[in-house]
$ cat work-v2.pdb   # PDB, C-alpha atoms
ATOM      1  CA  MET Q 954     -56.628  76.018 -90.885
ATOM      2  CA  LYS Q 955     -60.175  75.301 -92.034
ATOM      3  CA  VAL Q 956     -60.382  73.990 -95.579
ATOM      4  CA  ASP Q 957     -63.235  73.730 -98.043
ATOM      5  CA  ARG Q 958     -63.460  71.389-100.983
ATOM      6  CA  ILE Q 959     -63.824  72.899-104.453
ATOM      7  CA  SER Q 960     -63.985  71.609-107.979
ATOM      8  CA  LEU Q 961     -61.615  73.299-110.391
ATOM      9  CA  THR Q 962     -61.117  72.968-114.115
ATOM     10  CA  VAL Q 963     -57.523  73.589-115.193
ATOM     11  CA  PRO Q 964     -55.717  73.297-118.503
ATOM     12  CA  LYS Q 965     -54.073  69.920-119.060
ATOM     13  CA  GLU Q 966     -50.618  71.556-119.207
ATOM     14  CA  ILE Q 967     -51.001  72.971-115.700
ATOM     15  CA  LEU Q 968     -52.199  69.627-114.390
ATOM     16  CA  GLU Q 969     -49.242  67.814-115.969
ATOM     17  CA  LYS Q 970     -46.763  70.311-114.515
ATOM     18  CA  SER Q 971     -48.319  70.113-111.064
ATOM     19  CA  ASP Q 972     -48.261  66.307-111.235
ATOM     20  CA  ARG Q 973     -44.558  66.444-112.120
ATOM     21  CA  ILE Q 974     -43.932  68.704-109.108
ATOM     22  CA  ALA Q 975     -45.926  66.351-106.885
ATOM     23  CA  LYS Q 976     -43.840  63.413-108.048
ATOM     24  CA  GLU Q 977     -40.578  65.313-107.451
ATOM     25  CA  LYS Q 978     -41.676  66.373-103.953
ATOM     26  CA  LEU Q 979     -43.238  62.994-103.145
ATOM     27  CA  GLU Q 980     -46.535  64.693-102.328
ATOM     28  CA  ASP Q 981     -50.064  64.224-103.566
ATOM     29  CA  ARG Q 982     -51.626  66.406-106.253
ATOM     30  CA  SER Q 983     -53.970  68.203-103.836
ATOM     31  CA  THR Q 984     -51.141  69.268-101.547
ATOM     32  CA  VAL Q 985     -49.116  70.608-104.466
ATOM     33  CA  MET Q 986     -52.114  72.448-105.918
ATOM     34  CA  ARG Q 987     -52.810  74.093-102.524
ATOM     35  CA  GLU Q 988     -49.169  75.150-102.232
ATOM     36  CA  LEU Q 989     -49.137  76.578-105.759
ATOM     37  CA  LEU Q 990     -52.417  78.389-105.207
ATOM     38  CA  ASN Q 991     -51.128  79.850-101.938
ATOM     39  CA  LEU Q 992     -47.897  80.959-103.620
ATOM     40  CA  GLY Q 993     -49.827  82.568-106.472
ATOM     41  CA  LEU Q 994     -52.121  84.356-104.027
ATOM     42  CA  LYS Q 995     -49.131  85.746-102.097
ATOM     43  CA  GLN Q 996     -47.540  86.979-105.315
ATOM     44  CA  TYR Q 997     -50.814  88.552-106.448
ATOM     45  CA  LEU Q 998     -51.322  90.363-103.132
ATOM     46  CA  LEU Q 999     -47.738  91.648-103.185
ATOM     47  CA  GLN Q1000     -48.045  92.905-106.759
ATOM     48  CA  GLU Q1001     -51.397  94.549-106.023
ATOM     49  CA  ALA Q1002     -49.905  96.258-102.971
ATOM     50  CA  ILE Q1003     -46.943  97.479-105.043
ATOM     51  CA  ASN Q1004     -49.284  98.816-107.715
ATOM     52  CA  GLN Q1005     -51.427 100.712-105.223
ATOM     53  CA  TYR Q1006     -48.352 102.050-103.442
ATOM     54  CA  THR Q1007     -46.643 103.273-106.629
ATOM     55  CA  GLU Q1008     -49.887 104.914-107.749
ATOM     56  CA  GLY Q1009     -49.940 106.820-104.455
ATOM     57  CA  LYS Q1010     -53.219 105.250-103.344
ATOM     58  CA  ILE Q1011     -51.843 103.780-100.113
ATOM     59  CA  SER Q1012     -48.882 104.297 -97.797
ATOM     60  CA  MET Q1013     -45.949 101.934 -97.562
ATOM     61  CA  GLY Q1014     -47.198 100.610 -94.229
ATOM     62  CA  LYS Q1015     -50.656  99.942 -95.658
ATOM     63  CA  ALA Q1016     -49.116  98.285 -98.727
ATOM     64  CA  ALA Q1017     -47.043  95.981 -96.526
ATOM     65  CA  GLU Q1018     -50.172  95.161 -94.524
ATOM     66  CA  LEU Q1019     -52.157  94.461 -97.713
ATOM     67  CA  ALA Q1020     -49.385  92.151 -98.941
ATOM     68  CA  ASN Q1021     -49.226  90.510 -95.500
ATOM     69  CA  VAL Q1022     -45.480  91.165 -95.180
ATOM     70  CA  SER Q1023     -43.327  93.361 -92.971
ATOM     71  CA  VAL Q1024     -42.380  96.842 -94.154
ATOM     72  CA  TRP Q1025     -38.801  95.574 -94.486
ATOM     73  CA  LYS Q1026     -39.865  92.672 -96.703
ATOM     74  CA  PHE Q1027     -41.954  95.090 -98.765
ATOM     75  CA  LEU Q1028     -38.898  97.345 -99.164
ATOM     76  CA  ASP Q1029     -36.821  94.339-100.249
ATOM     77  CA  GLU Q1030     -39.396  93.450-102.888
ATOM     78  CA  MET Q1031     -39.444  97.038-104.151
ATOM     79  CA  LYS Q1032     -35.636  96.975-104.381
ATOM     80  CA  ASN Q1033     -35.639  93.613-106.196
ATOM     81  CA  LYS Q1034     -38.117  94.960-108.737
ATOM     82  CA  LYS Q1035     -36.132  98.223-109.039
ATOM     83  CA  ILE Q1036     -39.179 100.291-108.110
ATOM     84  CA  PRO Q1037     -38.391 103.682-106.546
ATOM     85  CA  ILE Q1038     -39.518 104.142-102.971
ATOM     86  CA  ARG Q1039     -42.030 106.866-102.209
ATOM     87  CA  TYR Q1040     -41.561 107.712 -98.543
ATOM     88  CA  ASP Q1041     -44.083 110.273 -97.328
ATOM     89  CA  LEU Q1042     -44.610 112.049 -94.003
ATOM     90  CA  ASP Q1043     -47.133 109.460 -92.764
ATOM     91  CA  ASP Q1044     -44.620 106.668 -93.341
ATOM     92  CA  ILE Q1045     -41.944 108.568 -91.433
ATOM     93  CA  LYS Q1046     -44.300 109.151 -88.484
ATOM     94  CA  ILE Q1047     -45.239 105.460 -88.380
ATOM     95  CA  GLU Q1048     -41.580 104.404 -88.346
ATOM     96  CA  ILE Q1049     -40.734 106.914 -85.583
ATOM     97  CA  ASP Q1050     -43.642 105.591 -83.486
ATOM     98  CA  ARG Q1051     -42.499 101.996 -83.994
ATOM     99  CA  ILE Q1052     -38.952 102.821 -82.989
ATOM    100  CA  ALA Q1053     -40.103 104.822 -79.948
ATOM    101  CA  ASN Q1054     -42.414 102.020 -78.783
ATOM    102  CA  LYS Q1055     -39.640  99.412 -78.959
ATOM    103  CA  GLN Q1056     -37.500 101.293 -76.443
TER
END
$ encode --input "work-v2.pdb" --output "structure tokens"
Amino acid sequence: MKVDRISLTVPKEILEKSDRIAKEKLEDRSTVMRELLNLGLKQYLLQEAINQYTEGKISMGKAAELANVSVWKFLDEMKNKKIPIRYDLDDIKIEIDRIANKQ
């Protein structure tokens, strides 16, 4: 993976917590900050996909794609958050095609 160097100003509390995590994991600060940033980005993308899906703006398949997870993982996240599933005709057709193509 290609990486770029950036300069970032963060509150002292966040820096102290990330340093504590780095010490616990025996890793350097930069590695921990990258991991935390990546985790936060994944959570943001998932939440944004859930929001767009529940608002009816995108299908379940598109939401899973936006969140960069499988449809099954997306369904698990919806269940964990107790969000009702909106399953429309397009979603059903996509699932039928996937099942048919696997056989």
$ closest_residue --input "work-v2.pdb" --among "Q:Glu1008, Q:Glu1048, Q:Glu980, Q:Asp957" --to "Val1024 in chain Q" --atoms "all atoms listed in the file"
Q:Glu1048
$ residues_around --input "work-v2.pdb" --residues "Glu1001 in chain Q" --least-positions-apart "5" --cutoff "9 Å" --atoms "all atoms listed in the file" --output "ChimeraX atom specification"
/Q:996,1006,1016,1019-1020
$ closest_residue --input "work-v2.pdb" --among "Q:Lys978, Q:Phe1027, Q:Leu989, Q:Ile1038" --to "Thr1007 in chain Q" --atoms "only C-alpha atoms"
Q:Ile1038
$ closest_residue --input "work-v2.pdb" --among "Q:Ala1002, Q:Lys965, Q:Arg982, Q:Lys970" --to "Lys1015 in chain Q" --atoms "only C-alpha atoms"
Q:Ala1002
$ closest_residue --input "work-v2.pdb" --among "Q:Ser971, Q:Ser983, Q:Asn1033, Q:Gln1005" --to "Arg958 in chain Q" --atoms "all atoms listed in the file"
Q:Ser983
$ atom_distance --input "work-v2.pdb" --atom1 "CA of Thr984 in chain Q" --atom2 "CA of Leu968 in chain Q"
12.9 Å
$ atom_distance --input "work-v2.pdb" --atom1 "CA of Gln1000 in chain Q" --atom2 "CA of Arg987 in chain Q"
19.9 Å
$ closest_residue --input "work-v2.pdb" --among "Q:Ser1012, Q:Asn1004, Q:Ser1023, Q:Asn1054" --to "Ile1036 in chain Q" --atoms "all atoms listed in the file"
Q:Asn1004
